[in-house]
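Structure below is upload.cif: mmCIF, N, CA, C and O atoms.
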data_data
#
loop_
_atom_site.label_atom_id
_atom_site.label_comp_id
_atom_site.auth_asym_id
_atom_site.auth_seq_id
_atom_site.Cartn_x
_atom_site.Cartn_y
_atom_site.Cartn_z
N GLY A 1 2.29 6.08 13.28
CA GLY A 1 1.43 7.11 13.81
C GLY A 1 0.46 7.68 12.79
O GLY A 1 -0.28 8.59 13.08
N GLN A 2 0.47 7.16 11.55
CA GLN A 2 -0.41 7.71 10.53
C GLN A 2 -1.86 7.26 10.72
O GLN A 2 -2.78 7.93 10.27
N ALA A 3 -2.06 6.14 11.36
CA ALA A 3 -3.41 5.62 11.62
C ALA A 3 -3.45 5.21 13.08
O ALA A 3 -3.26 4.05 13.42
N PRO A 4 -3.68 6.17 13.97
CA PRO A 4 -3.51 5.92 15.40
C PRO A 4 -4.62 5.12 16.08
O PRO A 4 -4.55 4.88 17.27
N GLY A 5 -5.63 4.69 15.38
CA GLY A 5 -6.71 3.96 16.02
C GLY A 5 -6.49 2.46 16.04
O GLY A 5 -5.48 1.95 15.57
N THR A 6 -7.48 1.76 16.57
CA THR A 6 -7.47 0.31 16.52
C THR A 6 -7.81 -0.12 15.09
O THR A 6 -8.27 0.69 14.27
N ASN A 7 -7.65 -1.39 14.80
CA ASN A 7 -8.00 -1.89 13.47
C ASN A 7 -9.46 -1.60 13.15
O ASN A 7 -9.79 -1.19 12.04
N GLU A 8 -10.34 -1.80 14.12
CA GLU A 8 -11.77 -1.56 13.92
C GLU A 8 -12.05 -0.08 13.65
O GLU A 8 -12.86 0.26 12.79
N GLU A 9 -11.39 0.81 14.37
CA GLU A 9 -11.57 2.25 14.17
C GLU A 9 -11.08 2.68 12.78
O GLU A 9 -11.70 3.52 12.13
N ILE A 10 -9.99 2.09 12.34
CA ILE A 10 -9.44 2.42 11.03
C ILE A 10 -10.40 1.97 9.93
O ILE A 10 -10.66 2.71 8.98
N VAL A 11 -10.95 0.77 10.04
CA VAL A 11 -11.90 0.26 9.05
C VAL A 11 -13.11 1.17 8.99
O VAL A 11 -13.58 1.56 7.91
N SER A 12 -13.64 1.55 10.15
CA SER A 12 -14.80 2.44 10.21
C SER A 12 -14.50 3.79 9.56
O SER A 12 -15.29 4.31 8.77
N PHE A 13 -13.34 4.36 9.86
CA PHE A 13 -12.93 5.63 9.29
C PHE A 13 -12.85 5.54 7.77
O PHE A 13 -13.34 6.41 7.05
N CYS A 14 -12.21 4.48 7.26
CA CYS A 14 -12.05 4.32 5.81
C CYS A 14 -13.39 4.15 5.11
O CYS A 14 -13.58 4.65 4.01
N LYS A 15 -14.32 3.46 5.76
CA LYS A 15 -15.66 3.31 5.18
C LYS A 15 -16.36 4.65 5.10
O LYS A 15 -16.95 5.01 4.08
N MET A 16 -16.31 5.41 6.20
CA MET A 16 -17.02 6.70 6.24
C MET A 16 -16.35 7.75 5.37
O MET A 16 -17.01 8.49 4.65
N LYS A 17 -15.04 7.86 5.42
CA LYS A 17 -14.32 8.93 4.73
C LYS A 17 -14.11 8.65 3.24
O LYS A 17 -14.20 9.55 2.42
N PHE A 18 -13.82 7.38 2.90
CA PHE A 18 -13.45 7.05 1.53
C PHE A 18 -14.41 6.09 0.84
O PHE A 18 -14.20 5.74 -0.31
N GLY A 19 -15.42 5.62 1.54
CA GLY A 19 -16.37 4.69 0.94
C GLY A 19 -15.78 3.31 0.68
O GLY A 19 -16.26 2.58 -0.18
N VAL A 20 -14.75 2.94 1.42
CA VAL A 20 -14.09 1.66 1.24
C VAL A 20 -15.07 0.53 1.58
O VAL A 20 -15.70 0.55 2.63
N SER A 21 -15.18 -0.44 0.67
CA SER A 21 -16.07 -1.56 0.92
C SER A 21 -15.33 -2.90 0.89
O SER A 21 -15.91 -3.94 1.16
N PHE A 22 -14.04 -2.88 0.55
CA PHE A 22 -13.26 -4.11 0.49
C PHE A 22 -12.67 -4.43 1.85
O PHE A 22 -12.55 -3.56 2.73
N ARG A 23 -12.29 -5.68 2.04
CA ARG A 23 -11.65 -6.11 3.29
C ARG A 23 -10.27 -5.48 3.39
O ARG A 23 -9.57 -5.33 2.39
N GLN A 24 -9.89 -5.12 4.60
CA GLN A 24 -8.59 -4.49 4.81
C GLN A 24 -7.73 -5.37 5.71
O GLN A 24 -8.25 -6.08 6.57
N PHE A 25 -6.44 -5.29 5.51
CA PHE A 25 -5.51 -5.98 6.38
C PHE A 25 -5.43 -5.25 7.72
O PHE A 25 -5.77 -4.07 7.81
N ALA A 26 -4.93 -5.93 8.72
CA ALA A 26 -4.67 -5.30 10.01
C ALA A 26 -3.49 -4.35 9.88
O ALA A 26 -2.66 -4.48 8.98
N LYS A 27 -3.43 -3.40 10.77
CA LYS A 27 -2.34 -2.44 10.80
C LYS A 27 -1.03 -3.16 11.11
O LYS A 27 -0.97 -4.00 12.01
N ILE A 28 0.02 -2.84 10.33
CA ILE A 28 1.34 -3.43 10.54
C ILE A 28 2.40 -2.35 10.39
O ILE A 28 2.12 -1.26 9.89
N LYS A 29 3.61 -2.68 10.75
CA LYS A 29 4.74 -1.77 10.55
C LYS A 29 5.27 -1.98 9.13
O LYS A 29 5.42 -3.11 8.67
N VAL A 30 5.54 -0.87 8.44
CA VAL A 30 6.06 -0.97 7.07
C VAL A 30 7.46 -0.36 6.94
O VAL A 30 8.10 -0.52 5.91
N ASN A 31 7.92 0.32 7.96
CA ASN A 31 9.26 0.92 7.98
C ASN A 31 9.97 0.49 9.26
O ASN A 31 9.35 0.12 10.25
N GLY A 32 11.28 0.58 9.24
CA GLY A 32 12.07 0.33 10.44
C GLY A 32 12.39 -1.14 10.66
O GLY A 32 12.11 -2.00 9.83
N LYS A 33 12.98 -1.42 11.82
CA LYS A 33 13.44 -2.77 12.15
C LYS A 33 12.30 -3.77 12.28
O LYS A 33 12.51 -4.96 12.10
N GLU A 34 11.12 -3.30 12.62
CA GLU A 34 9.97 -4.19 12.81
C GLU A 34 9.07 -4.27 11.57
O GLU A 34 7.96 -4.79 11.64
N ALA A 35 9.55 -3.79 10.44
CA ALA A 35 8.74 -3.81 9.21
C ALA A 35 8.35 -5.24 8.85
O ALA A 35 9.16 -6.16 8.95
N ASP A 36 7.12 -5.39 8.40
CA ASP A 36 6.63 -6.69 7.96
C ASP A 36 7.47 -7.18 6.78
O ASP A 36 7.83 -6.39 5.90
N PRO A 37 7.80 -8.47 6.74
CA PRO A 37 8.64 -9.00 5.65
C PRO A 37 8.10 -8.71 4.25
O PRO A 37 8.89 -8.52 3.31
N LEU A 38 6.80 -8.69 4.08
CA LEU A 38 6.24 -8.37 2.76
C LEU A 38 6.69 -6.98 2.32
O LEU A 38 7.12 -6.80 1.18
N TYR A 39 6.61 -6.00 3.22
CA TYR A 39 7.00 -4.64 2.85
C TYR A 39 8.51 -4.49 2.70
O TYR A 39 8.97 -3.69 1.90
N VAL A 40 9.27 -5.26 3.44
CA VAL A 40 10.72 -5.25 3.24
C VAL A 40 11.01 -5.67 1.80
O VAL A 40 11.80 -5.04 1.09
N TYR A 41 10.34 -6.73 1.34
CA TYR A 41 10.52 -7.21 -0.04
C TYR A 41 10.03 -6.18 -1.06
O TYR A 41 10.76 -5.84 -2.00
N LEU A 42 8.79 -5.70 -0.90
CA LEU A 42 8.23 -4.74 -1.86
C LEU A 42 9.12 -3.52 -2.01
O LEU A 42 9.42 -3.09 -3.13
N LYS A 43 9.56 -2.96 -0.89
CA LYS A 43 10.37 -1.75 -0.92
C LYS A 43 11.75 -2.00 -1.53
O LYS A 43 12.30 -1.12 -2.18
N SER A 44 12.28 -3.19 -1.33
CA SER A 44 13.60 -3.50 -1.90
C SER A 44 13.52 -3.62 -3.43
O SER A 44 14.51 -3.40 -4.11
N GLN A 45 12.36 -3.97 -3.94
CA GLN A 45 12.19 -4.15 -5.38
C GLN A 45 11.83 -2.87 -6.11
O GLN A 45 12.16 -2.72 -7.29
N GLN A 46 11.13 -1.96 -5.45
CA GLN A 46 10.71 -0.70 -6.07
C GLN A 46 10.91 0.43 -5.06
O GLN A 46 10.14 0.56 -4.12
N LYS A 47 11.93 1.20 -5.27
CA LYS A 47 12.20 2.32 -4.36
C LYS A 47 11.32 3.51 -4.73
O LYS A 47 10.88 3.64 -5.86
N GLY A 48 11.09 4.39 -3.77
CA GLY A 48 10.29 5.58 -3.99
C GLY A 48 11.13 6.83 -3.83
O GLY A 48 12.37 6.78 -3.83
N VAL A 49 10.47 7.95 -3.65
CA VAL A 49 11.14 9.24 -3.49
C VAL A 49 12.10 9.22 -2.30
O VAL A 49 13.18 9.80 -2.35
N LEU A 50 11.71 8.54 -1.23
CA LEU A 50 12.53 8.46 -0.03
C LEU A 50 13.35 7.17 0.01
O LEU A 50 13.67 6.67 1.07
N GLY A 51 13.67 6.62 -1.14
CA GLY A 51 14.39 5.35 -1.19
C GLY A 51 13.43 4.22 -0.89
O GLY A 51 12.36 4.14 -1.48
N GLU A 52 13.80 3.37 0.05
CA GLU A 52 12.94 2.24 0.38
C GLU A 52 11.82 2.61 1.34
O GLU A 52 10.85 1.90 1.47
N ARG A 53 11.96 3.68 2.04
CA ARG A 53 11.00 4.06 3.08
C ARG A 53 9.62 4.38 2.49
O ARG A 53 9.50 5.03 1.45
N ILE A 54 8.56 3.92 3.18
CA ILE A 54 7.19 4.27 2.81
C ILE A 54 6.91 5.64 3.40
O ILE A 54 7.07 5.86 4.61
N LYS A 55 6.53 6.57 2.54
CA LYS A 55 6.32 7.96 2.98
C LYS A 55 5.00 8.13 3.72
O LYS A 55 4.93 8.83 4.72
N TRP A 56 3.94 7.53 3.22
CA TRP A 56 2.61 7.81 3.77
C TRP A 56 1.68 6.66 3.45
O TRP A 56 1.94 5.86 2.55
N ASN A 57 0.56 6.59 4.17
CA ASN A 57 -0.46 5.58 3.89
C ASN A 57 -0.86 5.63 2.42
O ASN A 57 -0.76 6.65 1.77
N PHE A 58 -1.33 4.53 1.93
CA PHE A 58 -1.87 4.38 0.58
C PHE A 58 -0.79 4.33 -0.50
O PHE A 58 -1.10 4.47 -1.68
N THR A 59 0.47 4.11 -0.11
CA THR A 59 1.47 3.77 -1.12
C THR A 59 1.03 2.43 -1.70
O THR A 59 0.59 1.55 -0.97
N LYS A 60 1.12 2.30 -3.01
CA LYS A 60 0.62 1.10 -3.68
C LYS A 60 1.74 0.43 -4.47
O LYS A 60 2.59 1.11 -5.02
N PHE A 61 1.70 -0.89 -4.51
CA PHE A 61 2.64 -1.68 -5.29
C PHE A 61 1.85 -2.55 -6.26
O PHE A 61 0.84 -3.13 -5.89
N LEU A 62 2.33 -2.64 -7.49
CA LEU A 62 1.72 -3.52 -8.49
C LEU A 62 2.62 -4.73 -8.63
O LEU A 62 3.81 -4.60 -8.92
N VAL A 63 2.04 -5.91 -8.39
CA VAL A 63 2.79 -7.17 -8.41
C VAL A 63 2.16 -8.08 -9.45
O VAL A 63 0.93 -8.23 -9.48
N ASP A 64 2.99 -8.69 -10.29
CA ASP A 64 2.43 -9.58 -11.31
C ASP A 64 2.14 -10.96 -10.72
O ASP A 64 2.37 -11.21 -9.54
N ARG A 65 1.62 -11.85 -11.55
CA ARG A 65 1.21 -13.18 -11.10
C ARG A 65 2.35 -14.01 -10.54
O ARG A 65 2.13 -14.95 -9.78
N ASP A 66 3.57 -13.69 -10.95
CA ASP A 66 4.74 -14.44 -10.50
C ASP A 66 5.42 -13.83 -9.29
O ASP A 66 6.46 -14.29 -8.86
N GLY A 67 4.83 -12.76 -8.74
CA GLY A 67 5.39 -12.13 -7.55
C GLY A 67 6.42 -11.06 -7.84
O GLY A 67 7.06 -10.55 -6.92
N ASN A 68 6.60 -10.70 -9.12
CA ASN A 68 7.53 -9.64 -9.47
C ASN A 68 6.88 -8.28 -9.20
O ASN A 68 5.74 -8.05 -9.61
N VAL A 69 7.60 -7.41 -8.54
CA VAL A 69 7.08 -6.08 -8.25
C VAL A 69 7.31 -5.23 -9.49
O VAL A 69 8.44 -4.93 -9.86
N ILE A 70 6.22 -4.84 -10.13
CA ILE A 70 6.27 -4.14 -11.41
C ILE A 70 6.40 -2.63 -11.23
O ILE A 70 7.11 -1.96 -11.96
N ALA A 71 5.70 -2.09 -10.25
CA ALA A 71 5.70 -0.63 -10.07
C ALA A 71 5.31 -0.28 -8.64
O ALA A 71 4.70 -1.08 -7.92
N ARG A 72 5.68 0.93 -8.29
CA ARG A 72 5.31 1.50 -6.99
C ARG A 72 4.64 2.84 -7.27
O ARG A 72 5.12 3.61 -8.11
N PHE A 73 3.54 3.11 -6.57
CA PHE A 73 2.77 4.33 -6.78
C PHE A 73 2.64 5.10 -5.49
O PHE A 73 2.51 4.52 -4.41
N SER A 74 2.63 6.41 -5.60
CA SER A 74 2.54 7.27 -4.42
C SER A 74 1.13 7.25 -3.84
O SER A 74 0.18 6.83 -4.51
N PRO A 75 0.98 7.73 -2.62
CA PRO A 75 -0.35 7.82 -2.02
C PRO A 75 -1.30 8.69 -2.84
O PRO A 75 -2.51 8.48 -2.79
N ASN A 76 -0.76 9.63 -3.60
CA ASN A 76 -1.61 10.52 -4.40
C ASN A 76 -2.12 9.86 -5.67
O ASN A 76 -3.06 10.37 -6.29
N ASP A 77 -1.51 8.77 -6.10
CA ASP A 77 -1.98 8.06 -7.29
C ASP A 77 -3.27 7.32 -6.94
O ASP A 77 -3.29 6.52 -6.01
N THR A 78 -4.32 7.60 -7.70
CA THR A 78 -5.60 6.93 -7.44
C THR A 78 -5.59 5.56 -8.10
O THR A 78 -4.87 5.34 -9.09
N PRO A 79 -6.39 4.63 -7.58
CA PRO A 79 -6.49 3.33 -8.25
C PRO A 79 -6.89 3.47 -9.71
O PRO A 79 -6.38 2.75 -10.57
N GLU A 80 -7.77 4.42 -10.01
CA GLU A 80 -8.21 4.63 -11.39
C GLU A 80 -7.06 5.05 -12.30
O GLU A 80 -7.04 4.72 -13.48
N SER A 81 -6.11 5.78 -11.75
CA SER A 81 -4.99 6.26 -12.58
C SER A 81 -4.03 5.15 -12.98
O SER A 81 -3.20 5.34 -13.87
N ILE A 82 -4.12 4.00 -12.32
CA ILE A 82 -3.22 2.89 -12.66
C ILE A 82 -3.97 1.71 -13.30
O ILE A 82 -3.39 0.66 -13.50
N ASP A 83 -5.24 1.94 -13.65
CA ASP A 83 -6.03 0.89 -14.29
C ASP A 83 -5.33 0.26 -15.48
O ASP A 83 -5.30 -0.96 -15.64
N SER A 84 -4.78 1.09 -16.35
CA SER A 84 -4.17 0.56 -17.59
C SER A 84 -2.97 -0.34 -17.29
O SER A 84 -2.73 -1.32 -17.97
N LYS A 85 -2.22 -0.01 -16.24
CA LYS A 85 -1.07 -0.82 -15.86
C LYS A 85 -1.53 -2.17 -15.30
O LYS A 85 -0.91 -3.20 -15.56
N ILE A 86 -2.62 -2.14 -14.56
CA ILE A 86 -3.18 -3.40 -14.02
C ILE A 86 -3.72 -4.25 -15.18
O ILE A 86 -3.43 -5.44 -15.27
N GLU A 87 -4.48 -3.63 -16.06
CA GLU A 87 -5.07 -4.36 -17.19
C GLU A 87 -4.01 -4.98 -18.08
O GLU A 87 -4.21 -6.07 -18.62
N ALA A 88 -2.87 -4.31 -18.21
CA ALA A 88 -1.80 -4.84 -19.05
C ALA A 88 -1.24 -6.15 -18.51
O ALA A 88 -0.69 -6.97 -19.26
N LEU A 89 -1.39 -6.37 -17.21
CA LEU A 89 -0.87 -7.60 -16.61
C LEU A 89 -1.89 -8.73 -16.59
O LEU A 89 -1.55 -9.86 -16.26
N LEU A 90 -3.13 -8.42 -16.92
CA LEU A 90 -4.18 -9.46 -16.88
C LEU A 90 -4.09 -10.41 -18.07
O LEU A 90 -3.61 -10.13 -19.09
#
Starting from the file, lay out its structure as structure tokens.
Amino acid sequence: GQAPGTNEEIVSFCKMKFGVSFRQFAKIKVNGKEADPLYVYLKSQQKGVLGERIKWNFTKFLVDRDGNVIARFSPNDTPESIDSKIEALL
């Protein structure tokens, strides 16, 4: 229920509100029995404040080249705030 629109409406909203210019994935389930397998894996590797549950949109995961989940970041963490962690993996 965090993004109640269609995929197209969500893309439009993100462009207008946040200036997003990158391609976005379609809306999927990230919690519960219907959670996408990718998020089941990510959450099992890096727990957050609520354990494995995703609290809010824009939770971020840092994954290395080998698929290891290195870190999990809250929705409040900006991409700029994790630049050094990303650069360290390059």
Local residues around (6.3, -0.2, -8.9), at most 7 Å away, using all atoms listed in the file, as a ChimeraX atom specification:
/A:45-47,60-62,69-73
I need the residue set behind the PyMOL selection byres ((chain A and resi 20-27) around 8) for this file; please write it as a PyMOL selection string.
chain A and resi 3+5-8+10-19+28-30
Can you tell me, as a list of chain:residue names, which residues in chain A count as strand (DSSP E or B) by DSSP?
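Across chain A, those assigned strand (DSSP E or B) are A:Gly48, A:Gly51, A:Lys60, A:Phe61, A:Leu62, A:Val63, A:Val69, A:Ile70, A:Ala71, A:Arg72, A:Phe73.
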Near Asp77 (chain A), within 8 Å and counting all atoms listed in the file, which residues show up once chain neighbours fewer than 5 positions away are dropped, as a list in words?
Phe58, Thr59, Lys60 and Ile82 of chain A
Just how far from atom N of Pro75 (chain A) is atom C of Leu38 (chain A), in Å to one decimal?
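These atoms are spaced 16.5 Å apart.
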How would region 40-51 of chain A read, as a PDB file, keeping the file's coordinate frame, once all heavy atoms are built in?
ATOM      1  N   VAL A  40       9.270  -5.260   3.440  1.00  0.00           N
ATOM      2  CA  VAL A  40      10.720  -5.250   3.240  1.00  0.00           C
ATOM      3  C   VAL A  40      11.010  -5.670   1.800  1.00  0.00           C
ATOM      4  O   VAL A  40      11.800  -5.040   1.090  1.00  0.00           O
ATOM      5  CB  VAL A  40      11.418  -6.189   4.245  1.00  0.00           C
ATOM      6  CG1 VAL A  40      12.896  -6.358   3.901  1.00  0.00           C
ATOM      7  CG2 VAL A  40      11.246  -5.669   5.670  1.00  0.00           C
ATOM      8  N   TYR A  41      10.340  -6.730   1.340  1.00  0.00           N
ATOM      9  CA  TYR A  41      10.520  -7.210  -0.040  1.00  0.00           C
ATOM     10  C   TYR A  41      10.030  -6.180  -1.060  1.00  0.00           C
ATOM     11  O   TYR A  41      10.760  -5.840  -2.000  1.00  0.00           O
ATOM     12  CB  TYR A  41       9.785  -8.534  -0.230  1.00  0.00           C
ATOM     13  CG  TYR A  41       9.763  -8.987  -1.668  1.00  0.00           C
ATOM     14  CD1 TYR A  41      10.915  -9.471  -2.276  1.00  0.00           C
ATOM     15  CD2 TYR A  41       8.605  -8.906  -2.424  1.00  0.00           C
ATOM     16  CE1 TYR A  41      10.909  -9.876  -3.603  1.00  0.00           C
ATOM     17  CE2 TYR A  41       8.587  -9.308  -3.757  1.00  0.00           C
ATOM     18  CZ  TYR A  41       9.740  -9.788  -4.337  1.00  0.00           C
ATOM     19  OH  TYR A  41       9.734 -10.170  -5.648  1.00  0.00           O
ATOM     20  N   LEU A  42       8.790  -5.700  -0.900  1.00  0.00           N
ATOM     21  CA  LEU A  42       8.230  -4.740  -1.860  1.00  0.00           C
ATOM     22  C   LEU A  42       9.120  -3.520  -2.010  1.00  0.00           C
ATOM     23  O   LEU A  42       9.420  -3.090  -3.130  1.00  0.00           O
ATOM     24  CB  LEU A  42       6.821  -4.320  -1.421  1.00  0.00           C
ATOM     25  CG  LEU A  42       5.735  -5.387  -1.465  1.00  0.00           C
ATOM     26  CD1 LEU A  42       4.470  -4.872  -0.785  1.00  0.00           C
ATOM     27  CD2 LEU A  42       5.466  -5.841  -2.878  1.00  0.00           C
ATOM     28  N   LYS A  43       9.560  -2.960  -0.890  1.00  0.00           N
ATOM     29  CA  LYS A  43      10.370  -1.750  -0.920  1.00  0.00           C
ATOM     30  C   LYS A  43      11.750  -2.000  -1.530  1.00  0.00           C
ATOM     31  O   LYS A  43      12.300  -1.120  -2.180  1.00  0.00           O
ATOM     32  CB  LYS A  43      10.534  -1.174   0.492  1.00  0.00           C
ATOM     33  CG  LYS A  43       9.233  -0.708   1.098  1.00  0.00           C
ATOM     34  CD  LYS A  43       9.413  -0.066   2.453  1.00  0.00           C
ATOM     35  CE  LYS A  43      10.091  -0.959   3.451  1.00  0.00           C
ATOM     36  NZ  LYS A  43      10.305  -0.330   4.752  1.00  0.00           N
ATOM     37  N   SER A  44      12.280  -3.190  -1.330  1.00  0.00           N
ATOM     38  CA  SER A  44      13.600  -3.500  -1.900  1.00  0.00           C
ATOM     39  C   SER A  44      13.520  -3.620  -3.430  1.00  0.00           C
ATOM     40  O   SER A  44      14.510  -3.400  -4.110  1.00  0.00           O
ATOM     41  CB  SER A  44      14.158  -4.785  -1.303  1.00  0.00           C
ATOM     42  OG  SER A  44      13.493  -5.929  -1.817  1.00  0.00           O
ATOM     43  N   GLN A  45      12.360  -3.970  -3.940  1.00  0.00           N
ATOM     44  CA  GLN A  45      12.190  -4.150  -5.380  1.00  0.00           C
ATOM     45  C   GLN A  45      11.830  -2.870  -6.110  1.00  0.00           C
ATOM     46  O   GLN A  45      12.160  -2.720  -7.290  1.00  0.00           O
ATOM     47  CB  GLN A  45      11.095  -5.207  -5.640  1.00  0.00           C
ATOM     48  CG  GLN A  45      11.409  -6.564  -5.059  1.00  0.00           C
ATOM     49  CD  GLN A  45      12.692  -7.139  -5.627  1.00  0.00           C
ATOM     50  OE1 GLN A  45      12.813  -7.325  -6.829  1.00  0.00           O
ATOM     51  NE2 GLN A  45      13.656  -7.402  -4.763  1.00  0.00           N
ATOM     52  N   GLN A  46      11.130  -1.960  -5.450  1.00  0.00           N
ATOM     53  CA  GLN A  46      10.710  -0.700  -6.070  1.00  0.00           C
ATOM     54  C   GLN A  46      10.910   0.430  -5.060  1.00  0.00           C
ATOM     55  O   GLN A  46      10.140   0.560  -4.120  1.00  0.00           O
ATOM     56  CB  GLN A  46       9.243  -0.760  -6.506  1.00  0.00           C
ATOM     57  CG  GLN A  46       8.981  -1.629  -7.701  1.00  0.00           C
ATOM     58  CD  GLN A  46       9.480  -1.015  -8.992  1.00  0.00           C
ATOM     59  OE1 GLN A  46       9.458   0.203  -9.171  1.00  0.00           O
ATOM     60  NE2 GLN A  46       9.905  -1.858  -9.914  1.00  0.00           N
ATOM     61  N   LYS A  47      11.930   1.200  -5.270  1.00  0.00           N
ATOM     62  CA  LYS A  47      12.200   2.320  -4.360  1.00  0.00           C
ATOM     63  C   LYS A  47      11.320   3.510  -4.730  1.00  0.00           C
ATOM     64  O   LYS A  47      10.880   3.640  -5.860  1.00  0.00           O
ATOM     65  CB  LYS A  47      13.667   2.682  -4.424  1.00  0.00           C
ATOM     66  CG  LYS A  47      14.531   1.488  -4.015  1.00  0.00           C
ATOM     67  CD  LYS A  47      15.920   1.836  -3.725  1.00  0.00           C
ATOM     68  CE  LYS A  47      16.793   0.693  -3.315  1.00  0.00           C
ATOM     69  NZ  LYS A  47      16.345  -0.642  -3.347  1.00  0.00           N
ATOM     70  N   GLY A  48      11.090   4.390  -3.770  1.00  0.00           N
ATOM     71  CA  GLY A  48      10.290   5.580  -3.990  1.00  0.00           C
ATOM     72  C   GLY A  48      11.130   6.830  -3.830  1.00  0.00           C
ATOM     73  O   GLY A  48      12.370   6.780  -3.830  1.00  0.00           O
ATOM     74  N   VAL A  49      10.470   7.950  -3.650  1.00  0.00           N
ATOM     75  CA  VAL A  49      11.140   9.240  -3.490  1.00  0.00           C
ATOM     76  C   VAL A  49      12.100   9.220  -2.300  1.00  0.00           C
ATOM     77  O   VAL A  49      13.180   9.800  -2.350  1.00  0.00           O
ATOM     78  CB  VAL A  49      10.091  10.363  -3.327  1.00  0.00           C
ATOM     79  CG1 VAL A  49      10.746  11.695  -3.045  1.00  0.00           C
ATOM     80  CG2 VAL A  49       9.225  10.452  -4.571  1.00  0.00           C
ATOM     81  N   LEU A  50      11.710   8.540  -1.230  1.00  0.00           N
ATOM     82  CA  LEU A  50      12.530   8.460  -0.030  1.00  0.00           C
ATOM     83  C   LEU A  50      13.350   7.170   0.010  1.00  0.00           C
ATOM     84  O   LEU A  50      13.670   6.670   1.070  1.00  0.00           O
ATOM     85  CB  LEU A  50      11.639   8.537   1.220  1.00  0.00           C
ATOM     86  CG  LEU A  50      10.815   9.809   1.373  1.00  0.00           C
ATOM     87  CD1 LEU A  50       9.907   9.715   2.595  1.00  0.00           C
ATOM     88  CD2 LEU A  50      11.709  11.030   1.476  1.00  0.00           C
ATOM     89  N   GLY A  51      13.670   6.620  -1.140  1.00  0.00           N
ATOM     90  CA  GLY A  51      14.390   5.350  -1.190  1.00  0.00           C
ATOM     91  C   GLY A  51      13.430   4.220  -0.890  1.00  0.00           C
ATOM     92  O   GLY A  51      12.360   4.140  -1.480  1.00  0.00           O
TER      93      GLY A  51
END
